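Structure first, then comments.
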Amino acid sequence: MQATMLYGPRDIRFEDRPEPEIYQPTDAILRLSATCICGSDLWPYRGIGNFSEPPTPMGHEYCGIVEEIGSAVKNIKRGQFVVGSFATSDNTCVICRDGYQSSCVQREFMSTAQAPLLRVPLADGTLVSTREVPPKELIPSLLATSDVLGTGWFAADAANVKPGRTVVVVGDGAVGLLAVLSAKQMGAERIIAMSRHESRQKLAREFGATDVVTERGDEGIARIKDLTKGTGADSVLECVGTQESMMQAIRSARPGGFVSYVGVPHGVVLDGAELFFAHVHLHGGPAPVRRYLPHLIDLVLKEKINPGKVFDLTLPLDQVAEGYRAMDERRAIKTLLQP
Ligand SMILES: [Zn+2]
Ligand SMILES: [Zn+2]
C-alpha cells in the first residue's frame, strides 16, 4: 500500500509502505472509509517541536470497516463500521473507568492513519462500532467524532458548560468551531467565538455562536469583559495551545469560572501568582474522546449535528501533500482524505 510520511519541514510524501498486520492478539486491521489532517499535524509539518527520526508516519483520525481481528478480540467483528480515538485504550483500567481513556495505562498514540489500511491496538477498548454500515454522506461527520468533535466536546465538558452559561471559545480551528457546536448542544445561552477569519466566523455562527470577537490579547479580553458586565465569562474553552491563547483564556474567565485547555501546548508557561488570583478552575489535556464516542456517534447517526461541515476540502488520499499545504496556508480549515 501507499501511505503518508513526513520527511522534514513541509516535505510530505505518499509512498510505498508495508501493509499493517495483526501484531498483538488484541489488534484489529481497518480498511479506512476516510481519514484526515489534524491541526496538530501542522506543528511537525512546520518543523516545530521535537519530532522523531524522519521519516515519520502521519495521521491519527480515522473510521472504517474492520478487515481483520486478532484472536483475543471479542466485541469488534469483521465487516463492522467503527470509529476510534487518536489514543488507544483498554477501557478497563482504573483511569479508563474514570473516563480518562486518553491516559489509559496501556495507551498508545495512533500515528499511521493517513493510509488505506490501519492497525488499531486494543481494538475492543479503542473502537466503537455502529449497528449498520452508515450511509456515505454521514462519513465526514463520523470521522469528525474521532478527534476534533470529541476534543471540542471535552473542551466544553471540562469547562463546565451548562444551560444558561456564557461561554467563550478561544481559537477558530476545527476544534474551536466544534467546541462552539458542543457548547450549543450542552445548552449554553451565550457563545462568544474569538475569530478573525470571515469564513470561520460564519461557520461558528452556524454552529451556535451568538457573538464574534475579532480582537486578540488585551483588546480581546477587554471586549469579553464588556460583553459580560465586567466580570468575565463562566466558561472559557482554549483550543489553540499558545501562550497568547492560554492567557487570553484565563484572563477572560470570571473568578470562580472554568477554563479548559485542549490545544497541544507549545511553550506555554503559567505564572503562579496570576493563577492564584485568577481564581479559576483549570482542566484540560488530551481529550478522552473514547468517553464521548458512543454519544457523539449517536447524535451524528440521528442527524442532530453535522460536525462534518468543518471539512472544507476533500482530496483523494494520494494528494495528501496538497491537503497539508492548503491547511498550512489557511486556505482550508480541515482536509478530508479519501483512500
Ligand atoms: Zn487530531
Ligand atoms: Zn485503560
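The way I read the labels, and the way they are meant: chains A, B, ... in the order of the C-alpha cells, residue 1 as the first residue of every chain, and ligand 1 as the first ligand shown, with later ones counted on from there.
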
Practice task
Residues within 9 Å of ligand 2, counting only C-alpha atoms and all ligand atoms: report them as a ChimeraX atom specification.
Solution key: /A:88-97,100-107,125

Those residues you just picked out, can you put them in a file as a short mmCIF file (atom, residue, chain, number, x, y, z; two decimals), in the first residue's frame with N, CA and C atoms?
```
data_model
loop_
_atom_site.label_atom_id
_atom_site.label_comp_id
_atom_site.auth_asym_id
_atom_site.auth_seq_id
_atom_site.Cartn_x
_atom_site.Cartn_y
_atom_site.Cartn_z
N THR A 88 -5.22 4.98 21.97
CA THR A 88 -5.82 3.67 22.21
C THR A 88 -6.06 3.50 23.71
N SER A 89 -7.01 2.64 24.05
CA SER A 89 -7.32 2.43 25.47
C SER A 89 -7.90 1.04 25.67
N ASP A 90 -7.60 0.45 26.84
CA ASP A 90 -8.19 -0.86 27.13
C ASP A 90 -9.63 -0.71 27.61
N ASN A 91 -9.97 0.48 28.09
CA ASN A 91 -11.32 0.78 28.60
C ASN A 91 -11.67 -0.04 29.83
N THR A 92 -10.67 -0.63 30.51
CA THR A 92 -10.94 -1.42 31.71
C THR A 92 -10.12 -0.96 32.92
N CYS A 93 -9.01 -0.27 32.71
CA CYS A 93 -8.16 0.11 33.85
C CYS A 93 -8.86 1.20 34.66
N VAL A 94 -8.31 1.54 35.81
CA VAL A 94 -8.98 2.49 36.71
C VAL A 94 -9.09 3.87 36.07
N ILE A 95 -8.11 4.24 35.24
CA ILE A 95 -8.13 5.56 34.59
C ILE A 95 -9.22 5.59 33.52
N CYS A 96 -9.32 4.51 32.74
CA CYS A 96 -10.38 4.43 31.73
C CYS A 96 -11.75 4.45 32.39
N ARG A 97 -11.91 3.68 33.46
CA ARG A 97 -13.23 3.60 34.11
C ARG A 97 -13.64 4.94 34.69
N TYR A 100 -10.99 8.74 31.61
CA TYR A 100 -9.80 9.42 31.06
C TYR A 100 -9.00 8.46 30.17
N GLN A 101 -9.72 7.86 29.20
CA GLN A 101 -9.14 6.82 28.35
C GLN A 101 -7.90 7.27 27.60
N SER A 102 -7.78 8.57 27.36
CA SER A 102 -6.60 9.06 26.63
C SER A 102 -5.34 9.06 27.50
N SER A 103 -5.49 8.68 28.78
CA SER A 103 -4.32 8.46 29.64
C SER A 103 -4.32 7.03 30.17
N CYS A 104 -4.97 6.12 29.46
CA CYS A 104 -5.02 4.69 29.83
C CYS A 104 -3.61 4.17 30.12
N VAL A 105 -3.52 3.25 31.07
CA VAL A 105 -2.20 2.69 31.41
C VAL A 105 -1.58 1.96 30.21
N GLN A 106 -2.41 1.54 29.25
CA GLN A 106 -1.89 0.85 28.06
C GLN A 106 -1.92 1.74 26.81
N ARG A 107 -2.09 3.03 27.00
CA ARG A 107 -2.28 3.93 25.86
C ARG A 107 -1.12 3.91 24.86
N GLY A 125 -11.24 -2.07 23.33
CA GLY A 125 -11.39 -0.89 24.18
C GLY A 125 -11.36 0.42 23.42
#
```

List all protein, DNA and RNA residues that have an atom no more than 8 Å from any atom of ligand 1, counting only C-alpha atoms and all ligand atoms, and report them as a PDB file with C-alpha atoms, in the first residue's frame.
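Saved to part.pdb:
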```
ATOM      1  CA  ILE A  37      -5.250  16.013   8.519  1.00  0.00           C
ATOM      2  CA  CYS A  38      -5.278  17.465  12.038  1.00  0.00           C
ATOM      3  CA  GLY A  39      -4.308  20.981  13.104  1.00  0.00           C
ATOM      4  CA  SER A  40      -1.785  19.299  15.410  1.00  0.00           C
ATOM      5  CA  ASP A  41      -0.149  17.642  12.359  1.00  0.00           C
ATOM      6  CA  GLY A  59      -2.365  10.511  10.786  1.00  0.00           C
ATOM      7  CA  HIS A  60      -4.468   9.749  13.861  1.00  0.00           C
ATOM      8  CA  GLU A  61      -8.112  10.388  12.884  1.00  0.00           C
ATOM      9  CA  PHE A  86      -6.266   9.084  18.431  1.00  0.00           C
ATOM     10  CA  ASP A 147     -10.834  13.678  17.250  1.00  0.00           C
ATOM     11  CA  VAL A 148     -11.984  17.227  16.508  1.00  0.00           C
TER      12      VAL A 148
END
```

Using only C-alpha atoms, which protein or nucleic acid residues come within 10 Å of Gln201 (chain A)? Drop anything in the same chain fewer than 6 positions from it, and give the result as a ChimeraX atom specification. /A:172,177,193-195,207,209,211-214

For Asp312 (chain A), find every residue with an atom within 10 Å (counting only C-alpha atoms), except residues of its own chain fewer than 6 positions away, and show them as a list of chain:residue names.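 Here the qualifying residues turn out to be A:Arg331, A:Ala332, A:Ile333, A:Lys334, A:Thr335, A:Leu336.
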
Query - Residue neighbourhood Tyr45 (chain A), 10 Å, only C-alpha atoms, exclusion window fewer than 4 positions, as number ranges by chain - result: A: 6-12, 40-41, 49, 51, 58, 324-325, 328

Open item on the list: Restricting the calculation to only C-alpha atoms: of A:Ala123, A:Val83, A:Leu315, A:Ala204, which residue gets closest to Ser146 (chain A)?
Closed with: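 Of A:Ala123, A:Val83, A:Leu315, A:Ala204, the one nearest Ser146 (chain A), counting only C-alpha atoms, is A:Val83.
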
What gap, in Å, lies between CA of Thr210 (chain A) and CA of Thr151 (chain A)?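 So the answer is 21.1 Å.
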